[in-house]
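Q: Coordinates in target_10.cif, mmCIF, C-alpha atoms, are listed below.
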data_my_file
#
loop_
_atom_site.group_PDB
_atom_site.id
_atom_site.type_symbol
_atom_site.label_atom_id
_atom_site.label_comp_id
_atom_site.auth_asym_id
_atom_site.auth_seq_id
_atom_site.Cartn_x
_atom_site.Cartn_y
_atom_site.Cartn_z
ATOM 1 C CA MET A 1 0.000 0.000 0.000
ATOM 2 C CA THR A 2 1.217 3.479 -0.813
ATOM 3 C CA LYS A 3 0.648 6.180 1.754
ATOM 4 C CA ARG A 4 1.266 9.889 1.637
ATOM 5 C CA VAL A 5 1.639 11.918 4.784
ATOM 6 C CA ALA A 6 1.711 15.693 4.339
ATOM 7 C CA GLY A 7 5.117 16.617 2.908
ATOM 8 C CA LEU A 8 6.104 12.996 2.182
ATOM 9 C CA THR A 9 8.000 12.554 -1.107
ATOM 10 C CA PHE A 10 8.145 9.362 -3.134
ATOM 11 C CA ALA A 11 11.758 8.826 -2.133
ATOM 12 C CA ALA A 12 10.526 8.243 1.422
ATOM 13 C CA ILE A 13 7.961 5.570 0.536
ATOM 14 C CA ALA A 14 10.348 2.632 0.889
ATOM 15 C CA VAL A 15 11.628 4.038 4.196
ATOM 16 C CA LEU A 16 8.033 4.448 5.419
ATOM 17 C CA THR A 17 7.193 0.877 4.440
ATOM 18 C CA CYS A 18 10.175 -0.444 6.388
ATOM 19 C CA SER A 19 9.370 1.752 9.371
ATOM 20 C CA LEU A 20 5.815 0.426 9.503
ATOM 21 C CA LEU A 21 7.140 -3.121 9.641
ATOM 22 C CA ILE A 22 9.567 -2.182 12.417
ATOM 23 C CA GLU A 23 6.807 -0.416 14.341
ATOM 24 C CA ALA A 24 4.586 -3.477 14.046
ATOM 25 C CA GLN A 25 7.391 -5.584 15.536
ATOM 26 C CA VAL A 26 8.418 -3.290 18.376
ATOM 27 C CA GLY A 27 4.828 -2.323 19.173
ATOM 28 C CA PHE A 28 5.286 1.434 19.567
ATOM 29 C CA ARG A 29 5.025 4.460 17.315
ATOM 30 C CA ARG A 30 4.612 8.043 18.447
ATOM 31 C CA GLN A 31 2.323 10.359 16.527
ATOM 32 C CA PRO A 32 3.880 13.851 16.622
ATOM 33 C CA GLY A 33 2.312 15.779 19.470
ATOM 34 C CA ALA A 34 0.395 12.792 20.863
ATOM 35 C CA VAL A 35 0.634 11.381 24.379
ATOM 36 C CA TYR A 36 0.434 7.768 25.544
ATOM 37 C CA ASP A 37 -0.017 5.825 28.756
ATOM 38 C CA VAL A 38 3.756 5.469 29.067
ATOM 39 C CA ASP A 39 3.898 9.251 29.485
ATOM 40 C CA PHE A 40 1.665 9.081 32.588
ATOM 41 C CA GLU A 41 3.001 6.099 34.530
ATOM 42 C CA GLY A 42 1.901 6.240 38.136
ATOM 43 C CA LYS A 43 -0.820 8.813 37.508
ATOM 44 C CA THR A 44 -4.518 8.042 37.987
ATOM 45 C CA SER A 45 -7.183 9.306 35.598
ATOM 46 C CA GLY A 46 -10.340 11.031 36.777
ATOM 47 C CA SER A 47 -13.879 9.739 36.399
ATOM 48 C CA ALA A 48 -15.386 9.299 32.961
ATOM 49 C CA PRO A 49 -17.958 11.854 31.824
ATOM 50 C CA ARG A 50 -21.471 10.520 31.282
ATOM 51 C CA ARG A 51 -22.492 9.624 27.722
ATOM 52 C CA SER A 52 -19.509 11.239 26.055
ATOM 53 C CA LEU A 53 -17.188 9.869 23.382
ATOM 54 C CA SER A 54 -16.182 13.307 22.100
ATOM 55 C CA GLY A 55 -12.514 14.038 21.659
ATOM 56 C CA ILE A 56 -9.363 13.173 19.749
ATOM 57 C CA TRP A 57 -8.281 9.594 20.426
ATOM 58 C CA GLU A 58 -4.971 7.813 19.870
ATOM 59 C CA PHE A 59 -3.994 4.244 20.746
ATOM 60 C CA ALA A 60 -3.102 4.293 24.438
ATOM 61 C CA LYS A 61 -0.182 1.855 24.156
ATOM 62 C CA GLY A 62 1.416 3.471 21.089
ATOM 63 C CA GLY A 63 0.420 4.222 17.520
ATOM 64 C CA ALA A 64 1.726 0.905 16.187
ATOM 65 C CA GLU A 65 -1.241 -0.805 17.878
ATOM 66 C CA GLY A 66 -3.301 0.158 14.832
ATOM 67 C CA ILE A 67 -1.035 -1.155 12.068
ATOM 68 C CA GLN A 68 -2.342 -4.753 12.217
ATOM 69 C CA ALA A 69 -0.235 -5.772 9.211
ATOM 70 C CA ASP A 70 -1.170 -9.465 9.485
ATOM 71 C CA GLY A 71 -4.879 -8.909 9.998
ATOM 72 C CA ALA A 72 -7.328 -7.853 12.685
ATOM 73 C CA LYS A 73 -5.491 -7.411 15.980
ATOM 74 C CA ALA A 74 -7.557 -9.837 18.065
ATOM 75 C CA ILE A 75 -7.162 -12.683 15.553
ATOM 76 C CA PRO A 76 -4.263 -12.211 13.088
ATOM 77 C CA SER A 77 -3.675 -14.369 10.035
ATOM 78 C CA ASP A 78 -0.556 -16.145 11.278
ATOM 79 C CA GLY A 79 -1.326 -19.814 10.629
ATOM 80 C CA ARG A 80 -1.870 -20.658 14.293
ATOM 81 C CA PRO A 81 -4.832 -23.019 14.822
ATOM 82 C CA GLU A 82 -6.379 -20.797 17.490
ATOM 83 C CA HIS A 83 -6.511 -17.958 14.947
ATOM 84 C CA GLU A 84 -8.345 -19.941 12.277
ATOM 85 C CA LEU A 85 -11.564 -18.103 11.474
ATOM 86 C CA PRO A 86 -14.862 -20.044 11.451
ATOM 87 C CA PHE A 87 -15.299 -19.960 7.683
ATOM 88 C CA THR A 88 -18.261 -21.430 5.886
ATOM 89 C CA PRO A 89 -17.265 -23.233 2.647
ATOM 90 C CA GLU A 90 -18.277 -20.129 0.694
ATOM 91 C CA GLY A 91 -16.338 -17.888 3.036
ATOM 92 C CA ARG A 92 -13.195 -19.989 2.757
ATOM 93 C CA ALA A 93 -13.417 -19.949 -1.031
ATOM 94 C CA ALA A 94 -13.703 -16.159 -0.954
ATOM 95 C CA PHE A 95 -10.704 -15.947 1.393
ATOM 96 C CA MET A 96 -8.545 -18.164 -0.810
ATOM 97 C CA ALA A 97 -9.447 -16.065 -3.862
ATOM 98 C CA ASN A 98 -7.989 -12.984 -2.169
ATOM 99 C CA LYS A 99 -4.251 -12.390 -2.507
ATOM 100 C CA PRO A 100 -3.002 -10.194 0.344
ATOM 101 C CA THR A 101 0.557 -8.985 0.780
ATOM 102 C CA TYR A 102 0.670 -9.899 4.480
ATOM 103 C CA GLY A 103 -0.635 -12.741 6.580
ATOM 104 C CA PHE A 104 -0.611 -16.499 6.234
ATOM 105 C CA THR A 105 -1.612 -16.445 2.543
ATOM 106 C CA ALA A 106 0.604 -13.539 1.460
ATOM 107 C CA VAL A 107 1.867 -13.074 -2.095
ATOM 108 C CA PRO A 108 4.389 -10.562 -3.523
ATOM 109 C CA SER A 109 2.848 -7.111 -3.727
ATOM 110 C CA ALA A 110 2.955 -7.117 -7.531
ATOM 111 C CA LEU A 111 0.608 -10.127 -7.524
ATOM 112 C CA THR A 112 -1.946 -8.853 -5.042
ATOM 113 C CA ASN A 113 -5.610 -8.279 -5.865
ATOM 114 C CA ASP A 114 -6.090 -6.128 -2.773
ATOM 115 C CA PRO A 115 -8.399 -3.295 -3.875
ATOM 116 C CA MET A 116 -6.858 -0.726 -1.535
ATOM 117 C CA PRO A 117 -3.380 -0.125 -3.056
ATOM 118 C CA GLY A 118 -5.170 1.189 -6.125
ATOM 119 C CA CYS A 119 -6.958 3.583 -3.774
ATOM 120 C CA ASP A 120 -10.383 1.972 -3.852
ATOM 121 C CA PRO A 121 -12.171 2.859 -0.592
ATOM 122 C CA GLN A 122 -10.991 0.638 2.253
ATOM 123 C CA GLY A 123 -14.440 0.951 3.816
ATOM 124 C CA PHE A 124 -15.541 -0.037 7.296
ATOM 125 C CA PRO A 125 -14.454 -1.938 9.332
ATOM 126 C CA ARG A 126 -11.118 -2.169 7.500
ATOM 127 C CA ILE A 127 -10.354 1.455 8.310
ATOM 128 C CA VAL A 128 -9.936 0.380 11.950
ATOM 129 C CA LEU A 129 -8.700 -3.174 11.286
ATOM 130 C CA HIS A 130 -5.688 -2.126 9.210
ATOM 131 C CA ASN A 131 -3.405 0.916 9.286
ATOM 132 C CA ALA A 132 -5.640 2.638 11.819
ATOM 133 C CA HIS A 133 -4.482 5.956 13.205
ATOM 134 C CA THR A 134 -5.734 8.877 15.248
ATOM 135 C CA GLU A 135 -9.518 9.382 15.301
ATOM 136 C CA GLN A 136 -11.708 12.288 16.322
ATOM 137 C CA ILE A 137 -15.241 11.692 17.565
ATOM 138 C CA LEU A 138 -17.920 14.389 17.433
ATOM 139 C CA GLN A 139 -21.404 14.149 18.955
ATOM 140 C CA THR A 140 -24.576 15.960 17.954
ATOM 141 C CA PRO A 141 -28.139 15.386 19.206
ATOM 142 C CA THR A 142 -28.743 12.954 16.313
ATOM 143 C CA GLN A 143 -25.319 11.587 15.331
ATOM 144 C CA VAL A 144 -21.975 10.278 16.442
ATOM 145 C CA VAL A 145 -19.459 11.272 13.754
ATOM 146 C CA ILE A 146 -16.047 9.602 13.552
ATOM 147 C CA LEU A 147 -13.250 11.316 11.608
ATOM 148 C CA TYR A 148 -10.421 9.037 10.482
ATOM 149 C CA GLN A 149 -6.890 10.130 9.625
ATOM 150 C CA PHE A 150 -6.325 7.687 6.747
ATOM 151 C CA ASN A 151 -7.618 9.308 3.530
ATOM 152 C CA LYS A 152 -9.474 11.907 5.639
ATOM 153 C CA LYS A 153 -12.637 9.785 5.817
ATOM 154 C CA TRP A 154 -15.611 9.986 8.169
ATOM 155 C CA ARG A 155 -18.560 7.885 9.279
ATOM 156 C CA VAL A 156 -21.943 8.829 10.673
ATOM 157 C CA ILE A 157 -23.592 6.678 13.337
ATOM 158 C CA TRP A 158 -27.217 7.789 13.642
ATOM 159 C CA THR A 159 -28.659 8.119 17.143
ATOM 160 C CA ASP A 160 -32.066 9.542 16.186
ATOM 161 C CA GLY A 161 -33.925 6.265 16.727
ATOM 162 C CA ARG A 162 -34.013 5.081 13.130
ATOM 163 C CA ALA A 163 -33.686 1.365 12.386
ATOM 164 C CA LEU A 164 -31.065 -0.345 10.248
ATOM 165 C CA PRO A 165 -32.096 -1.362 6.712
ATOM 166 C CA THR A 166 -34.168 -4.521 6.931
ATOM 167 C CA ASP A 167 -32.716 -6.009 3.733
ATOM 168 C CA PRO A 168 -28.895 -5.798 3.880
ATOM 169 C CA GLU A 169 -28.630 -6.828 0.217
ATOM 170 C CA GLN A 170 -30.912 -3.967 -0.914
ATOM 171 C CA PRO A 171 -30.189 -1.528 1.896
ATOM 172 C CA GLY A 172 -31.682 1.892 2.394
ATOM 173 C CA TRP A 173 -33.046 4.141 5.124
ATOM 174 C CA ALA A 174 -36.782 3.986 5.797
ATOM 175 C CA THR A 175 -37.057 7.774 5.939
ATOM 176 C CA ARG A 176 -39.090 10.125 3.772
ATOM 177 C CA ASP A 177 -36.101 11.934 2.256
ATOM 178 C CA ALA A 178 -33.830 8.882 1.912
ATOM 179 C CA PRO A 179 -31.868 8.292 -1.322
ATOM 180 C CA PRO A 180 -32.515 5.106 -3.338
ATOM 181 C CA PRO A 181 -31.369 1.828 -1.730
ATOM 182 C CA GLU A 182 -27.754 0.873 -2.398
ATOM 183 C CA SER A 183 -24.908 -0.900 -0.653
ATOM 184 C CA ARG A 184 -22.259 1.421 0.761
ATOM 185 C CA TRP A 185 -18.509 1.230 1.286
ATOM 186 C CA TRP A 186 -19.042 2.462 4.853
ATOM 187 C CA GLY A 187 -22.368 0.756 5.476
ATOM 188 C CA TYR A 188 -25.396 2.071 7.343
ATOM 189 C CA SER A 189 -24.905 2.635 11.075
ATOM 190 C CA VAL A 190 -27.130 3.283 14.077
ATOM 191 C CA GLY A 191 -26.216 3.447 17.748
ATOM 192 C CA GLN A 192 -27.425 4.030 21.270
ATOM 193 C CA TRP A 193 -26.178 4.310 24.832
ATOM 194 C CA VAL A 194 -26.871 1.103 26.752
ATOM 195 C CA ASP A 195 -25.684 2.746 29.975
ATOM 196 C CA ASP A 196 -23.949 6.009 30.889
ATOM 197 C CA TYR A 197 -20.530 4.754 29.797
ATOM 198 C CA THR A 198 -21.226 2.225 27.018
ATOM 199 C CA PHE A 199 -22.215 3.120 23.466
ATOM 200 C CA VAL A 200 -23.127 0.330 21.002
ATOM 201 C CA ALA A 201 -23.386 0.749 17.231
ATOM 202 C CA GLU A 202 -24.716 -1.729 14.659
ATOM 203 C CA SER A 203 -23.976 -1.521 10.933
ATOM 204 C CA ASN A 204 -25.046 -3.369 7.785
ATOM 205 C CA GLY A 205 -25.608 -2.752 4.073
ATOM 206 C CA PHE A 206 -21.936 -3.015 3.096
ATOM 207 C CA ASP A 207 -20.450 -3.179 -0.382
ATOM 208 C CA ASP A 208 -18.856 -6.635 -0.498
ATOM 209 C CA ARG A 209 -15.909 -5.523 -2.652
ATOM 210 C CA THR A 210 -14.011 -4.380 0.439
ATOM 211 C CA TRP A 211 -11.812 -6.612 2.580
ATOM 212 C CA LEU A 212 -12.093 -6.785 6.343
ATOM 213 C CA ASP A 213 -8.374 -6.404 6.957
ATOM 214 C CA ASN A 214 -4.902 -6.470 5.443
ATOM 215 C CA ALA A 215 -4.794 -10.278 5.452
ATOM 216 C CA GLY A 216 -7.582 -10.611 2.884
ATOM 217 C CA ARG A 217 -10.374 -11.711 5.200
ATOM 218 C CA PRO A 218 -13.582 -11.327 3.154
ATOM 219 C CA HIS A 219 -17.142 -10.387 3.976
ATOM 220 C CA SER A 220 -20.420 -10.801 2.168
ATOM 221 C CA SER A 221 -23.206 -8.309 1.574
ATOM 222 C CA VAL A 222 -25.125 -9.644 4.603
ATOM 223 C CA MET A 223 -22.383 -8.799 7.122
ATOM 224 C CA ARG A 224 -23.389 -7.011 10.290
ATOM 225 C CA VAL A 225 -20.797 -5.256 12.461
ATOM 226 C CA ARG A 226 -21.203 -4.467 16.141
ATOM 227 C CA GLU A 227 -19.054 -1.766 17.740
ATOM 228 C CA THR A 228 -18.888 -1.337 21.502
ATOM 229 C CA TYR A 229 -17.330 1.836 22.920
ATOM 230 C CA ARG A 230 -16.769 1.843 26.672
ATOM 231 C CA ARG A 231 -15.671 5.045 28.369
ATOM 232 C CA VAL A 232 -13.362 3.735 31.089
ATOM 233 C CA ASP A 233 -12.334 7.012 32.725
ATOM 234 C CA ALA A 234 -11.587 10.625 31.837
ATOM 235 C CA ASP A 235 -8.640 9.654 29.635
ATOM 236 C CA HIS A 236 -9.528 6.245 28.200
ATOM 237 C CA LEU A 237 -11.918 4.621 25.762
ATOM 238 C CA GLU A 238 -12.105 0.922 24.844
ATOM 239 C CA LYS A 239 -13.291 -0.290 21.446
ATOM 240 C CA THR A 240 -14.541 -3.787 20.588
ATOM 241 C CA ILE A 241 -15.585 -4.858 17.083
ATOM 242 C CA THR A 242 -17.499 -8.060 16.349
ATOM 243 C CA ILE A 243 -18.101 -9.459 12.845
ATOM 244 C CA ASP A 244 -21.354 -11.322 12.211
ATOM 245 C CA ASP A 245 -21.612 -12.666 8.648
ATOM 246 C CA PRO A 246 -23.598 -15.924 8.469
ATOM 247 C CA LYS A 247 -22.878 -16.302 4.758
ATOM 248 C CA PHE A 248 -19.081 -16.401 5.203
ATOM 249 C CA TYR A 249 -18.640 -17.366 8.887
ATOM 250 C CA THR A 250 -20.387 -19.987 10.994
ATOM 251 C CA ARG A 251 -20.487 -17.741 14.058
ATOM 252 C CA PRO A 252 -19.688 -14.144 15.042
ATOM 253 C CA TRP A 253 -16.034 -13.421 15.839
ATOM 254 C CA VAL A 254 -14.228 -10.613 17.630
ATOM 255 C CA ALA A 255 -11.790 -8.583 15.525
ATOM 256 C CA LEU A 256 -10.859 -5.986 18.171
ATOM 257 C CA ASP A 257 -11.157 -6.829 21.850
ATOM 258 C CA LYS A 258 -11.329 -3.851 24.227
ATOM 259 C CA LEU A 259 -8.550 -2.021 22.397
ATOM 260 C CA PRO A 260 -7.647 1.010 24.571
ATOM 261 C CA TYR A 261 -7.458 4.591 23.284
ATOM 262 C CA ARG A 262 -6.191 7.647 25.119
ATOM 263 C CA MET A 263 -7.703 11.133 24.978
ATOM 264 C CA GLN A 264 -5.483 13.715 23.301
ATOM 265 C CA SER A 265 -5.220 17.472 23.540
ATOM 266 C CA PRO A 266 -8.014 19.250 21.614
ATOM 267 C CA SER A 267 -5.256 21.173 19.818
ATOM 268 C CA LEU A 268 -3.551 18.043 18.435
ATOM 269 C CA ASP A 269 -3.186 18.462 14.674
ATOM 270 C CA ILE A 270 -3.992 15.259 12.782
ATOM 271 C CA PRO A 271 -1.762 15.155 9.666
ATOM 272 C CA GLU A 272 -2.807 14.009 6.215
ATOM 273 C CA GLN A 273 -2.305 10.422 5.148
ATOM 274 C CA GLU A 274 -3.527 9.892 1.597
ATOM 275 C CA CYS A 275 -3.538 7.004 -0.849
ATOM 276 C CA VAL A 276 -2.156 8.455 -4.105
ATOM 277 C CA PRO A 277 -2.649 6.365 -7.308
ATOM 278 C CA SER A 278 0.319 7.923 -9.137
ATOM 279 C CA GLU A 279 2.658 7.072 -6.269
ATOM 280 C CA THR A 280 1.292 3.534 -6.102
ATOM 281 C CA ALA A 281 2.021 3.090 -9.821
ATOM 282 C CA LYS A 282 5.555 4.446 -9.404
ATOM 283 C CA TYR A 283 6.221 2.192 -6.416
ATOM 284 C CA ASN A 284 5.004 -0.821 -8.387
ATOM 285 C CA ARG A 285 7.189 0.037 -11.381
ATOM 286 C CA LEU A 286 10.372 0.649 -9.395
ATOM 287 C CA PHE A 287 10.043 -1.855 -6.549
ATOM 288 C CA ALA A 288 7.072 -4.237 -6.452
ATOM 289 C CA ASN A 289 7.191 -5.524 -10.026
ATOM 290 C CA PRO A 290 10.975 -6.149 -10.098
ATOM 291 C CA ALA A 291 10.756 -7.907 -6.722
ATOM 292 C CA ALA A 292 8.145 -10.271 -8.185
ATOM 293 C CA GLY A 293 10.178 -10.897 -11.340
ATOM 294 C CA LEU A 294 7.813 -8.865 -13.489
ATOM 295 C CA ASP A 295 10.241 -6.066 -14.398
ATOM 296 C CA ASP A 296 10.702 -7.266 -17.989
ATOM 297 C CA ALA A 297 6.943 -7.222 -18.546
ATOM 298 C CA VAL A 298 6.434 -3.739 -17.169
ATOM 299 C CA LYS A 299 7.080 -0.814 -19.498
#
Can you give me the file's structure in the form of structure tokens?

A:
Amino acid sequence: MTKRVAGLTFAAIAVLTCSLLIEAQVGFRRQPGAVYDVDFEGKTSGSAPRRSLSGIWEFAKGGAEGIQADGAKAIPSDGRPEHELPFTPEGRAAFMANKPTYGFTAVPSALTNDPMPGCDPQGFPRIVLHNAHTEQILQTPTQVVILYQFNKKWRVIWTDGRALPTDPEQPGWATRDAPPPESRWWGYSVGQWVDDYTFVAESNGFDDRTWLDNAGRPHSSVMRVRETYRRVDADHLEKTITIDDPKFYTRPWVALDKLPYRMQSPSLDIPEQECVPSETAKYNRLFANPAAGLDDAVK
């Protein structure tokens, strides 16, 4: 995948790729200006505010927590039996048809069919199950809005009492001014507070062209995603994501399990991180294709 942070030149792409791998191994990366739990050892946080997710949030244990190069953090694609997903036959066939560049079934990057390096939308939940970074959450009387650093994307979780689309394969809102039914890269999402410190969102109606994570885990058009946000204290938020796709998986499975985030300063500037097709093409021509032995075929 090619990434562009503000001011990043192509010459730095290979260095960035290597640094991401190192960060994934050592487990820590510091976002400029961000703070982490290691910066507050021995200090106790205050009480959590009631029914509030608002703020700028970064991974509490270090930014590398969000890289998840080998797949969703709670269950990576590493070949270990305990990390085998509960595929249906159709789900396994879909998984084997995908050609990721990381994980147990990895191929050289020049041979991948991952839609994201070409800058197709990564969609939800992949935006938090691979290369996840700083997020900002905003609340209004009718919405929870999540702003994501990667590709400057956002999602709306409706809290106005509306119901999810009843037909996930022909999804649409049952409201008077709703657009025509269609599947969406980011799905349809609704949420509610189940107590003063726990917010639960449900989503469906996804476009099935997206992958769940960097390891090529697939999903079908009937997937439903459950997000649980638990406000632990004044400085911490935990996020859990559960995948429920009866067409591709025999049971629901947890992709993130109480992953902790830490509140950041409201003045923290979240830098750009864009997928740029021209840089992807240049990277493929100079590095990926020669590494896969395709340099003679590429003009």

Q: Between A:Gln31, A:Gln170, A:Gln122, A:Thr105, which one has atoms that come closest to Trp154 (chain A), using all atoms listed in the file?

A: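 The closest residue to Trp154 (chain A) is A:Gln122.
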
Q: Compare A:Ser54, A:Thr175, A:Thr112, A:Thr166 by their minimum atom-to-atom distance to Ile146 (chain A), counting all atoms listed in the file, and give me the closest one.

A: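 Checking each of A:Ser54, A:Thr175, A:Thr112, A:Thr166 against Ile146 (chain A), counting all atoms listed in the file, the winner is A:Ser54.
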
Q: Work out how far CA of Pro89 (chain A) is from CA of Gly123 (chain A), in Å to one decimal.

A: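 Separating CA of Gly123 (chain A) from CA of Pro89 (chain A) is a distance of 24.4 Å.
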
Q: Might you spell out which residues the PyMOL selection byres ((chain A and resi 98) around 9) would select in the displayed file, as a PDB file with C-alpha atoms, keeping the file's coordinate frame?

A:
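part-v7.pdb was written with the following content:
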ATOM      1  CA  ALA A  93     -13.417 -19.949  -1.031  1.00  0.00           C
ATOM      2  CA  ALA A  94     -13.703 -16.159  -0.954  1.00  0.00           C
ATOM      3  CA  PHE A  95     -10.704 -15.947   1.393  1.00  0.00           C
ATOM      4  CA  MET A  96      -8.545 -18.164  -0.810  1.00  0.00           C
ATOM      5  CA  ALA A  97      -9.447 -16.065  -3.862  1.00  0.00           C
ATOM      6  CA  LYS A  99      -4.251 -12.390  -2.507  1.00  0.00           C
ATOM      7  CA  PRO A 100      -3.002 -10.194   0.344  1.00  0.00           C
ATOM      8  CA  THR A 105      -1.612 -16.445   2.543  1.00  0.00           C
ATOM      9  CA  THR A 112      -1.946  -8.853  -5.042  1.00  0.00           C
ATOM     10  CA  ASN A 113      -5.610  -8.279  -5.865  1.00  0.00           C
ATOM     11  CA  ASP A 114      -6.090  -6.128  -2.773  1.00  0.00           C
ATOM     12  CA  TRP A 211     -11.812  -6.612   2.580  1.00  0.00           C
ATOM     13  CA  ALA A 215      -4.794 -10.278   5.452  1.00  0.00           C
ATOM     14  CA  GLY A 216      -7.582 -10.611   2.884  1.00  0.00           C
ATOM     15  CA  ARG A 217     -10.374 -11.711   5.200  1.00  0.00           C
ATOM     16  CA  PRO A 218     -13.582 -11.327   3.154  1.00  0.00           C
TER      17      PRO A 218
END

Q: Name the residues that the PyMOL selection byres ((chain A and resi 137) around 7) picks from the file above, as a list of chain:residue names, using the file's chain letters and numbers.

A: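 Applied to this file, the PyMOL selection byres ((chain A and resi 137) around 7) returns A:Leu53, A:Ser54, A:Gly55, A:Ile56, A:Glu135, A:Gln136, A:Leu138, A:Gln139, A:Val144, A:Val145, A:Ile146, A:Leu147.
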
Q: Taking the file as shown, what set of residues would the PyMOL selection byres ((chain A and resi 38-52) around 6) give back, as a ChimeraX atom specification?

A: /A:36-37,53-54,196-197,233-234

Q: If you measure from CA of Pro165 (chain A) to CA of Asp257 (chain A), what distance in Å do you get, rounded to one decimal?

A: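 So the two atoms, CA of Pro165 (chain A) and CA of Asp257 (chain A), lie 26.4 Å apart.
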
Q: Measuring between all atoms listed in the file, which one of A:Tyr102, A:Trp185, A:Phe87, A:Phe59 shows the shortest distance to Gly71 (chain A)?

A: A:Tyr102

Q: Just the number, please: distance in Å from CA of Ser203 (chain A) to CA of Lys247 (chain A), one decimal.

A: 16.1 Å

Q: Could you check which of A:Pro81, A:Gly62, A:Gly33, A:Pro86 is closest to Val254 (chain A), using all atoms listed in the file?

A: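 Using all atoms listed in the file, the shortest distance to Val254 (chain A) belongs to A:Pro86.
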